[in-house]
Amino acid sequence: MVVGFTADRFRFLTATDVLRLYRWSGLLFAEVTMSVLRNPDEGLRRSAGMDLGLHLPNTGTCGYDFSSENHAERIQEDLADIHRFGLKFAFAYAVFHPPEADGKTITDFYLRNVRETALPLVLENIRGYSPETFRHLYRDLKKELGNNLWGICLDVPHAHLTNGDWKRYYRILESDLRVIHLSDCKNGQDSHLPFGFGGELALLPILSFLKEKGYGGFINFEILPPSFPDGWLLFRTLRQLRYGF
């Protein structure tokens, strides 16, 4: 398994500040957002020696995704940044959501933008998709994107909040899994909580299941501490990974 954390803006810290903290802690992998490409020289310096994944824009955090025709200009800016700096960052993959804007349908606009990233693409399950429906969507996109679509990202909280049985998603999607997103959730919300914060999921049983299944891909913790004092829970998670598993 290759394990890392999402590097994005947090309070007054920039994404590159967060990358520096991760590298200082010994992490060798991180999944970054487009914000890192806004300051590419600093991002490259802070991530030296690390493997990186890229999370493409989604409506939940950015207010748009690559299906949002009313954000066409912003999308072209994103694609230009990826084209200019993607090779320098050597992203292992780019994770993207099913279309969430403009009717949630697969349009030529959406396909063209996703394809133009020219990166190994990984489709992430979102809330509301059963494993069977999501597998069908993946196969439809595979016909359109071909070898550009590398595989699937299983977001465990999204699966848990959809029907409570994330392991079923794993078993149905297993042959195409490349990335797994982990965080805790609470009160039915996708809160991106650190584990051990009183949420609905427990870390060690998840990791034990993945080890039992022989999963060897990327694991990325999409964690957003509620406050700076709660940041220590990130390092507790890292400690569990190193010494408790």
# chains A, B, ... in the order shown; residues from 1 in each chain; ligands from 1
call {"tool": "residues_around", "arguments": {"residues": "A:Ser183", "least_positions_apart": "5", "cutoff": "8 Å", "atoms": "only C-alpha atoms", "output": "tab-separated table (two decimals) with C-alpha atoms, in the first residue's frame"}}
result
chain	number	residue	atom	x	y	z
A	156	VAL	CA	-15.20	4.55	1.76
A	157	PRO	CA	-17.26	7.30	3.49
A	192	HIS	CA	-13.80	14.37	6.31
A	193	LEU	CA	-13.11	13.89	10.00
A	194	PRO	CA	-9.94	12.38	11.44
A	195	PHE	CA	-10.47	8.89	12.82
A	221	PHE	CA	-6.72	10.14	3.80
A	222	GLU	CA	-9.08	13.00	2.87
A	223	ILE	CA	-9.01	14.50	6.33
call {"tool": "residues_around", "arguments": {"residues": "A:Met50", "least_positions_apart": "4", "cutoff": "8 Å", "atoms": "only C-alpha atoms", "output": "PyMOL selection string"}}
result
chain A and resi 23+27-30
call {"tool": "select_by_dssp", "arguments": {"residues": "stretch 138-190 of chain A", "states": "helix (DSSP H, G or I)", "output": "ChimeraX atom specification"}}
result
/A:138-148,156-163,166-176
call {"tool": "closest_residue", "arguments": {"among": "A:Thr6, A:Thr162, A:Ser130, A:Ser25", "to": "A:Leu238", "atoms": "only C-alpha atoms"}}
result
A:Ser25
call {"tool": "residues_around", "arguments": {"residues": "A:Leu141", "least_positions_apart": "6", "cutoff": "10 Å", "atoms": "only C-alpha atoms", "output": "PDB file with N, CA and C atoms, in the first residue's frame"}}
result
ATOM      1  N   PRO A  98     -18.006  11.484 -11.079  1.00  0.00           N
ATOM      2  CA  PRO A  98     -19.023  11.502 -12.130  1.00  0.00           C
ATOM      3  C   PRO A  98     -19.568  12.922 -12.263  1.00  0.00           C
ATOM      4  N   ILE A 106     -23.458  12.494 -18.814  1.00  0.00           N
ATOM      5  CA  ILE A 106     -22.160  12.450 -19.472  1.00  0.00           C
ATOM      6  C   ILE A 106     -22.281  13.178 -20.806  1.00  0.00           C
ATOM      7  N   LEU A 111     -16.610  14.903 -21.214  1.00  0.00           N
ATOM      8  CA  LEU A 111     -15.636  13.922 -21.699  1.00  0.00           C
ATOM      9  C   LEU A 111     -14.405  14.599 -22.276  1.00  0.00           C
ATOM     10  N   LEU A 123     -11.822   7.187 -11.544  1.00  0.00           N
ATOM     11  CA  LEU A 123     -13.191   7.634 -11.273  1.00  0.00           C
ATOM     12  C   LEU A 123     -13.581   7.313  -9.827  1.00  0.00           C
ATOM     13  N   ARG A 135     -20.538   0.747 -11.135  1.00  0.00           N
ATOM     14  CA  ARG A 135     -19.767  -0.114 -12.042  1.00  0.00           C
ATOM     15  C   ARG A 135     -20.250   0.064 -13.482  1.00  0.00           C
ATOM     16  N   ASN A 148      -7.235   5.986 -21.239  1.00  0.00           N
ATOM     17  CA  ASN A 148      -7.092   7.157 -20.366  1.00  0.00           C
ATOM     18  C   ASN A 148      -7.692   6.899 -18.989  1.00  0.00           C
ATOM     19  N   LEU A 149      -8.712   6.033 -18.938  1.00  0.00           N
ATOM     20  CA  LEU A 149      -9.348   5.710 -17.660  1.00  0.00           C
ATOM     21  C   LEU A 149      -8.623   4.519 -17.054  1.00  0.00           C
TER      22      LEU A 149
END
call {"tool": "atom_distance", "arguments": {"atom1": "atom CA of A:Tyr215", "atom2": "atom CA of A:Asp65"}}
result
29.2 Å
call {"tool": "select_by_dssp", "arguments": {"residues": "stretch 62-162 of chain A", "states": "strand (DSSP E or B)", "output": "ChimeraX atom specification"}}
result
/A:94-96,121-124,149-155
call {"tool": "write_last_selection", "arguments": {"atoms": "C-alpha atoms", "output": "PDB file, in the first residue's frame"}}
result
ATOM      1  CA  ALA A  94      -5.938  12.281 -11.488  1.00  0.00           C
ATOM      2  CA  VAL A  95      -9.104  11.391  -9.581  1.00  0.00           C
ATOM      3  CA  PHE A  96     -12.420  12.794 -10.820  1.00  0.00           C
ATOM      4  CA  LEU A 121      -7.738   8.948 -14.729  1.00  0.00           C
ATOM      5  CA  VAL A 122      -9.404   7.377 -11.700  1.00  0.00           C
ATOM      6  CA  LEU A 123     -13.191   7.634 -11.273  1.00  0.00           C
ATOM      7  CA  GLU A 124     -14.408   8.172  -7.691  1.00  0.00           C
ATOM      8  CA  LEU A 149      -9.348   5.710 -17.660  1.00  0.00           C
ATOM      9  CA  TRP A 150      -6.939   3.801 -15.430  1.00  0.00           C
ATOM     10  CA  GLY A 151      -9.328   2.596 -12.743  1.00  0.00           C
ATOM     11  CA  ILE A 152     -11.578   3.368  -9.788  1.00  0.00           C
ATOM     12  CA  CYS A 153     -11.176   5.296  -6.547  1.00  0.00           C
ATOM     13  CA  LEU A 154     -13.298   3.815  -3.769  1.00  0.00           C
ATOM     14  CA  ASP A 155     -14.316   6.549  -1.341  1.00  0.00           C
TER      15      ASP A 155
END
call {"tool": "closest_residue", "arguments": {"among": "A:Ala101, A:Val2, A:Ile126, A:Ala80", "to": "A:Asp190", "atoms": "only C-alpha atoms"}}
result
A:Ile126
call {"tool": "residues_around", "arguments": {"residues": "A:Leu21", "least_positions_apart": "4", "cutoff": "12 Å", "atoms": "only C-alpha atoms", "output": "number ranges by chain"}}
result
A: 5-8, 13-17, 25-28, 30, 46-47, 231, 234-235
call {"tool": "write_last_selection", "arguments": {"atoms": "N, CA and C atoms", "output": "PDB file, in the first residue's frame"}}
result
ATOM      1  N   PHE A   5      -1.873  11.647   2.509  1.00  0.00           N
ATOM      2  CA  PHE A   5      -2.953  12.527   2.946  1.00  0.00           C
ATOM      3  C   PHE A   5      -3.211  13.581   1.875  1.00  0.00           C
ATOM      4  N   THR A   6      -4.414  14.124   1.869  1.00  0.00           N
ATOM      5  CA  THR A   6      -4.734  15.229   0.966  1.00  0.00           C
ATOM      6  C   THR A   6      -4.024  16.496   1.427  1.00  0.00           C
ATOM      7  N   ALA A   7      -3.411  17.191   0.478  1.00  0.00           N
ATOM      8  CA  ALA A   7      -2.770  18.477   0.758  1.00  0.00           C
ATOM      9  C   ALA A   7      -3.589  19.576   0.094  1.00  0.00           C
ATOM     10  N   ASP A   8      -4.275  20.360   0.913  1.00  0.00           N
ATOM     11  CA  ASP A   8      -5.091  21.469   0.418  1.00  0.00           C
ATOM     12  C   ASP A   8      -4.985  22.609   1.412  1.00  0.00           C
ATOM     13  N   LEU A  13      -3.058  28.262   6.311  1.00  0.00           N
ATOM     14  CA  LEU A  13      -1.986  27.512   5.655  1.00  0.00           C
ATOM     15  C   LEU A  13      -2.322  27.294   4.189  1.00  0.00           C
ATOM     16  N   THR A  14      -1.343  27.470   3.322  1.00  0.00           N
ATOM     17  CA  THR A  14      -1.523  27.154   1.913  1.00  0.00           C
ATOM     18  C   THR A  14      -1.351  25.648   1.710  1.00  0.00           C
ATOM     19  N   ALA A  15      -1.736  25.176   0.534  1.00  0.00           N
ATOM     20  CA  ALA A  15      -1.549  23.758   0.228  1.00  0.00           C
ATOM     21  C   ALA A  15      -0.072  23.374   0.260  1.00  0.00           C
ATOM     22  N   THR A  16       0.795  24.287  -0.166  1.00  0.00           N
ATOM     23  CA  THR A  16       2.226  23.972  -0.132  1.00  0.00           C
ATOM     24  C   THR A  16       2.758  23.954   1.297  1.00  0.00           C
ATOM     25  N   ASP A  17       2.195  24.767   2.199  1.00  0.00           N
ATOM     26  CA  ASP A  17       2.558  24.676   3.616  1.00  0.00           C
ATOM     27  C   ASP A  17       2.212  23.296   4.166  1.00  0.00           C
ATOM     28  N   SER A  25       6.923  15.076   8.217  1.00  0.00           N
ATOM     29  CA  SER A  25       6.483  13.938   9.032  1.00  0.00           C
ATOM     30  C   SER A  25       6.920  12.596   8.448  1.00  0.00           C
ATOM     31  N   GLY A  26       7.505  12.630   7.251  1.00  0.00           N
ATOM     32  CA  GLY A  26       8.001  11.393   6.651  1.00  0.00           C
ATOM     33  C   GLY A  26       7.101  10.790   5.606  1.00  0.00           C
ATOM     34  N   LEU A  27       5.990  11.458   5.264  1.00  0.00           N
ATOM     35  CA  LEU A  27       5.105  10.922   4.233  1.00  0.00           C
ATOM     36  C   LEU A  27       5.807  10.947   2.870  1.00  0.00           C
ATOM     37  N   LEU A  28       5.567   9.914   2.092  1.00  0.00           N
ATOM     38  CA  LEU A  28       6.170   9.822   0.765  1.00  0.00           C
ATOM     39  C   LEU A  28       5.139   9.983  -0.345  1.00  0.00           C
ATOM     40  N   ALA A  30       1.211  12.162  -1.334  1.00  0.00           N
ATOM     41  CA  ALA A  30       0.107  13.066  -1.010  1.00  0.00           C
ATOM     42  C   ALA A  30      -0.765  13.231  -2.242  1.00  0.00           C
ATOM     43  N   ARG A  46       8.303  21.894  -2.219  1.00  0.00           N
ATOM     44  CA  ARG A  46       7.784  21.284  -0.987  1.00  0.00           C
ATOM     45  C   ARG A  46       7.525  19.790  -1.138  1.00  0.00           C
ATOM     46  N   SER A  47       7.275  19.337  -2.366  1.00  0.00           N
ATOM     47  CA  SER A  47       6.935  17.927  -2.575  1.00  0.00           C
ATOM     48  C   SER A  47       8.099  17.109  -3.103  1.00  0.00           C
ATOM     49  N   GLY A 231      -5.436  19.014  14.888  1.00  0.00           N
ATOM     50  CA  GLY A 231      -4.488  18.544  13.898  1.00  0.00           C
ATOM     51  C   GLY A 231      -3.652  17.372  14.371  1.00  0.00           C
ATOM     52  N   LEU A 234      -4.240  13.877  12.960  1.00  0.00           N
ATOM     53  CA  LEU A 234      -3.590  13.427  11.733  1.00  0.00           C
ATOM     54  C   LEU A 234      -2.360  12.592  12.053  1.00  0.00           C
ATOM     55  N   PHE A 235      -1.579  13.077  13.031  1.00  0.00           N
ATOM     56  CA  PHE A 235      -0.353  12.373  13.382  1.00  0.00           C
ATOM     57  C   PHE A 235      -0.664  11.099  14.171  1.00  0.00           C
TER      58      PHE A 235
END
call {"tool": "closest_residue", "arguments": {"among": "A:Lys213, A:Arg38, A:His55, A:Lys186", "to": "A:Phe85", "atoms": "only C-alpha atoms"}}
result
A:Arg38
call {"tool": "atom_distance", "arguments": {"atom1": "atom CA of A:Glu31", "atom2": "atom CA of A:Gly199"}}
result
22.9 Å
call {"tool": "atom_distance", "arguments": {"atom1": "atom CA of A:Gly217", "atom2": "atom CA of A:Val32"}}
result
17.0 Å
call {"tool": "closest_residue", "arguments": {"among": "A:His181, A:His71, A:His158, A:Lys211", "to": "A:Tyr129", "atoms": "only C-alpha atoms"}}
result
A:His158
call {"tool": "closest_residue", "arguments": {"among": "A:Thr59, A:Thr117, A:Ser68, A:Ser191", "to": "A:Leu87", "atoms": "only C-alpha atoms"}}
result
A:Thr117
call {"tool": "decode", "arguments": {"residues": "stretch 28-45 of chain A", "atoms": "N, CA and C atoms", "output": "PDB file, in the first residue's frame"}}
result
ATOM      1  N   LEU A  28       5.567   9.914   2.092  1.00  0.00           N
ATOM      2  CA  LEU A  28       6.170   9.822   0.765  1.00  0.00           C
ATOM      3  C   LEU A  28       5.139   9.983  -0.345  1.00  0.00           C
ATOM      4  N   PHE A  29       3.875  10.221   0.046  1.00  0.00           N
ATOM      5  CA  PHE A  29       2.809  10.373  -0.937  1.00  0.00           C
ATOM      6  C   PHE A  29       1.785  11.373  -0.428  1.00  0.00           C
ATOM      7  N   ALA A  30       1.211  12.162  -1.334  1.00  0.00           N
ATOM      8  CA  ALA A  30       0.107  13.066  -1.010  1.00  0.00           C
ATOM      9  C   ALA A  30      -0.765  13.231  -2.242  1.00  0.00           C
ATOM     10  N   GLU A  31      -2.047  13.459  -2.003  1.00  0.00           N
ATOM     11  CA  GLU A  31      -2.967  13.797  -3.086  1.00  0.00           C
ATOM     12  C   GLU A  31      -3.258  15.289  -2.986  1.00  0.00           C
ATOM     13  N   VAL A  32      -2.977  16.021  -4.036  1.00  0.00           N
ATOM     14  CA  VAL A  32      -3.084  17.473  -3.993  1.00  0.00           C
ATOM     15  C   VAL A  32      -4.285  17.935  -4.813  1.00  0.00           C
ATOM     16  N   THR A  33      -4.701  19.167  -4.580  1.00  0.00           N
ATOM     17  CA  THR A  33      -5.763  19.783  -5.350  1.00  0.00           C
ATOM     18  C   THR A  33      -5.158  20.782  -6.332  1.00  0.00           C
ATOM     19  N   MET A  34      -6.014  21.381  -7.138  1.00  0.00           N
ATOM     20  CA  MET A  34      -5.541  22.332  -8.142  1.00  0.00           C
ATOM     21  C   MET A  34      -4.838  23.524  -7.511  1.00  0.00           C
ATOM     22  N   SER A  35      -5.095  23.793  -6.231  1.00  0.00           N
ATOM     23  CA  SER A  35      -4.477  24.948  -5.582  1.00  0.00           C
ATOM     24  C   SER A  35      -2.958  24.857  -5.582  1.00  0.00           C
ATOM     25  N   VAL A  36      -2.396  23.649  -5.594  1.00  0.00           N
ATOM     26  CA  VAL A  36      -0.937  23.489  -5.629  1.00  0.00           C
ATOM     27  C   VAL A  36      -0.373  24.013  -6.952  1.00  0.00           C
ATOM     28  N   LEU A  37      -1.154  23.881  -8.019  1.00  0.00           N
ATOM     29  CA  LEU A  37      -0.679  24.339  -9.323  1.00  0.00           C
ATOM     30  C   LEU A  37      -0.737  25.856  -9.469  1.00  0.00           C
ATOM     31  N   ARG A  38      -1.360  26.538  -8.521  1.00  0.00           N
ATOM     32  CA  ARG A  38      -1.380  27.997  -8.561  1.00  0.00           C
ATOM     33  C   ARG A  38      -0.019  28.577  -8.161  1.00  0.00           C
ATOM     34  N   ASN A  39       0.769  27.768  -7.432  1.00  0.00           N
ATOM     35  CA  ASN A  39       2.104  28.181  -7.016  1.00  0.00           C
ATOM     36  C   ASN A  39       3.057  27.022  -7.294  1.00  0.00           C
ATOM     37  N   PRO A  40       3.280  26.726  -8.582  1.00  0.00           N
ATOM     38  CA  PRO A  40       3.962  25.474  -8.937  1.00  0.00           C
ATOM     39  C   PRO A  40       5.400  25.364  -8.452  1.00  0.00           C
ATOM     40  N   ASP A  41       6.173  26.439  -8.499  1.00  0.00           N
ATOM     41  CA  ASP A  41       7.567  26.346  -8.065  1.00  0.00           C
ATOM     42  C   ASP A  41       7.654  25.958  -6.594  1.00  0.00           C
ATOM     43  N   GLU A  42       6.817  26.587  -5.770  1.00  0.00           N
ATOM     44  CA  GLU A  42       6.806  26.245  -4.342  1.00  0.00           C
ATOM     45  C   GLU A  42       6.293  24.830  -4.134  1.00  0.00           C
ATOM     46  N   GLY A  43       5.263  24.450  -4.894  1.00  0.00           N
ATOM     47  CA  GLY A  43       4.729  23.105  -4.766  1.00  0.00           C
ATOM     48  C   GLY A  43       5.750  22.045  -5.112  1.00  0.00           C
ATOM     49  N   LEU A  44       6.514  22.269  -6.167  1.00  0.00           N
ATOM     50  CA  LEU A  44       7.552  21.312  -6.548  1.00  0.00           C
ATOM     51  C   LEU A  44       8.638  21.221  -5.482  1.00  0.00           C
ATOM     52  N   ARG A  45       8.984  22.358  -4.905  1.00  0.00           N
ATOM     53  CA  ARG A  45      10.024  22.358  -3.875  1.00  0.00           C
ATOM     54  C   ARG A  45       9.550  21.625  -2.621  1.00  0.00           C
TER      55      ARG A  45
END
